[in-house]
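Engineer: Please find one structure pasted underneath; my questions will follow.
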Amino acid sequence: EAAVTQSPRSKVAVTGGKVTLSCHQTNNHDYMYWYRQDTGHGLRLIHYSYVADSTEKGDIPDGYKASRPSQENFSLILELASLSQTAVYFCASSDQGGNTEVFFGKGTRLTVV
Amino acid sequence: QQNVQQSPESLIVPEGARTSLNCTFSDSASQYFWWYRQHSGKAPKALMSIFSNGEKEEGRFTIHLNKASLHFSLHIRDSQPSDSALYLCARWNMGYKLTFGTGTSLLVDP
């Protein structure tokens, strides 16, 4: 079973503070993703990457940065956390192409106060 | 930006019922369609996929894809309490971006 590990699993941050969410995969996948999920709703893509040292904007990138220093690691950075960024964040990885499964981490619950 | 819409938003069915979940998308460009299932507090996990028009069955689950009508559905036969979860349809865009629907929350009442 493919493995995607996220840290921390939960975090409380103060408004205006900096938050870094980390993700590590051992699947040897080229593609990594950060999704946001608001309570009871679907997943929205924030940033993704298909190669180390390069990241791409997803559908809701405003207020977020991403970093892919290696194939295995992908971080999501909130430079100035806001209340509206309270959500569960999922990291995922996959091979290229639509006929491949995307494997998700267990999620990070972020609460901004 | 959600070009994948799901209905209903939530659903309660009795154990043993046949359940139908629907998904519509905005264009027929994609050829890869997936259903993911997410149990409460857990990560989403792929349930089934289909890559061409038609029907695919796996156990109690059947998916239908009709690209002409931009419609994609999931049917669960003999629904069980363990099927209670958030169901997410998804389509691949441009081969590298998976776009999810808004989700249907299913509760199977024992």
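Going through the structure tokens in order, the chains are called A, B, and so on, while each chain numbers its residues from 1 and the ligands are numbered from 1 in the order shown.
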Counting only C-alpha atoms, what is within 8 Å of Ala29 in chain B, bar same-chain residues fewer than 2 positions away, as a list in words?
Structural biologist: Asp27, Gln31 and Asn93 of chain B
Engineer: Those residues you just picked out, can you put them in a file as a short mmCIF file (atom, residue, chain, number, x, y, z; two decimals), in the first residue's frame with all heavy atoms?
Structural biologist:
```
data_model
loop_
_atom_site.label_atom_id
_atom_site.label_comp_id
_atom_site.auth_asym_id
_atom_site.auth_seq_id
_atom_site.Cartn_x
_atom_site.Cartn_y
_atom_site.Cartn_z
N ASP B 27 -17.76 19.50 -19.10
CA ASP B 27 -17.38 19.25 -20.47
C ASP B 27 -16.91 17.81 -20.58
O ASP B 27 -16.69 17.14 -19.58
CB ASP B 27 -16.27 20.21 -20.92
CG ASP B 27 -15.01 20.07 -20.07
OD1 ASP B 27 -14.25 19.10 -20.28
OD2 ASP B 27 -14.81 20.92 -19.19
N GLN B 31 -11.19 11.85 -19.89
CA GLN B 31 -11.59 10.49 -20.18
C GLN B 31 -11.42 9.57 -18.97
O GLN B 31 -11.67 8.38 -19.07
CB GLN B 31 -10.79 9.93 -21.36
CG GLN B 31 -9.30 9.93 -21.12
CD GLN B 31 -8.51 9.50 -22.36
OE1 GLN B 31 -7.78 10.26 -22.95
NE2 GLN B 31 -8.69 8.25 -22.75
N ASN B 93 -8.16 16.29 -15.09
CA ASN B 93 -8.05 17.39 -16.04
C ASN B 93 -6.63 17.45 -16.56
O ASN B 93 -5.68 17.51 -15.79
CB ASN B 93 -8.40 18.72 -15.38
CG ASN B 93 -9.87 18.82 -15.03
OD1 ASN B 93 -10.70 18.30 -15.75
ND2 ASN B 93 -10.16 19.46 -13.93
#
```
Engineer: Near chain B, meaning an atom within 9 Å, which residues of chain A appear when counting only C-alpha atoms? Write them as a PyMOL selection string.
Structural biologist: chain A and resi 31+33+40-45+48+50+58-60+90+95-99+101-107
Engineer: Taking 3 positions as the minimum chain separation for residues in the same chain, which residues sit within 9 Å of range 7-23 of chain A when counting only C-alpha atoms? Answer as JSON, numbers by chain.
Structural biologist: {"A": [4, 72, 73, 74, 75, 76, 77, 78, 79, 80, 81, 82, 83, 88, 89, 91, 92, 105, 106, 107, 108, 109, 110, 111, 112, 113]}
Engineer: So the first atom is CA of Glu57 in chain B and the second is CA of Glu15 in chain B; what is the distance between them in Å, to one decimal place?
Structural biologist: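 Atom-to-atom, CA of Glu57 in chain B and CA of Glu15 in chain B are spaced 20.1 Å apart.
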Engineer: With a distance cut-off of 8 Å and only C-alpha atoms, select the neighbouring residues of Phe25 in chain B, excluding the residue or stretch itself and same-chain residues fewer than 2 positions from it, and output the selection as a list in words.
Structural biologist: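 Those residues are Asn3, Val4, Gln5, Cys23, Asp27, Ser28, Leu70 and His71 of chain B.
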Engineer: Write out as a ChimeraX atom specification all residues of chain A that DSSP puts in strand (DSSP E or B) for this structure's backbone.
Structural biologist: /A:4-7,10-13,19-25,31-37,43-51,54-57,65-67,73-78,87-94,103-104,108-112
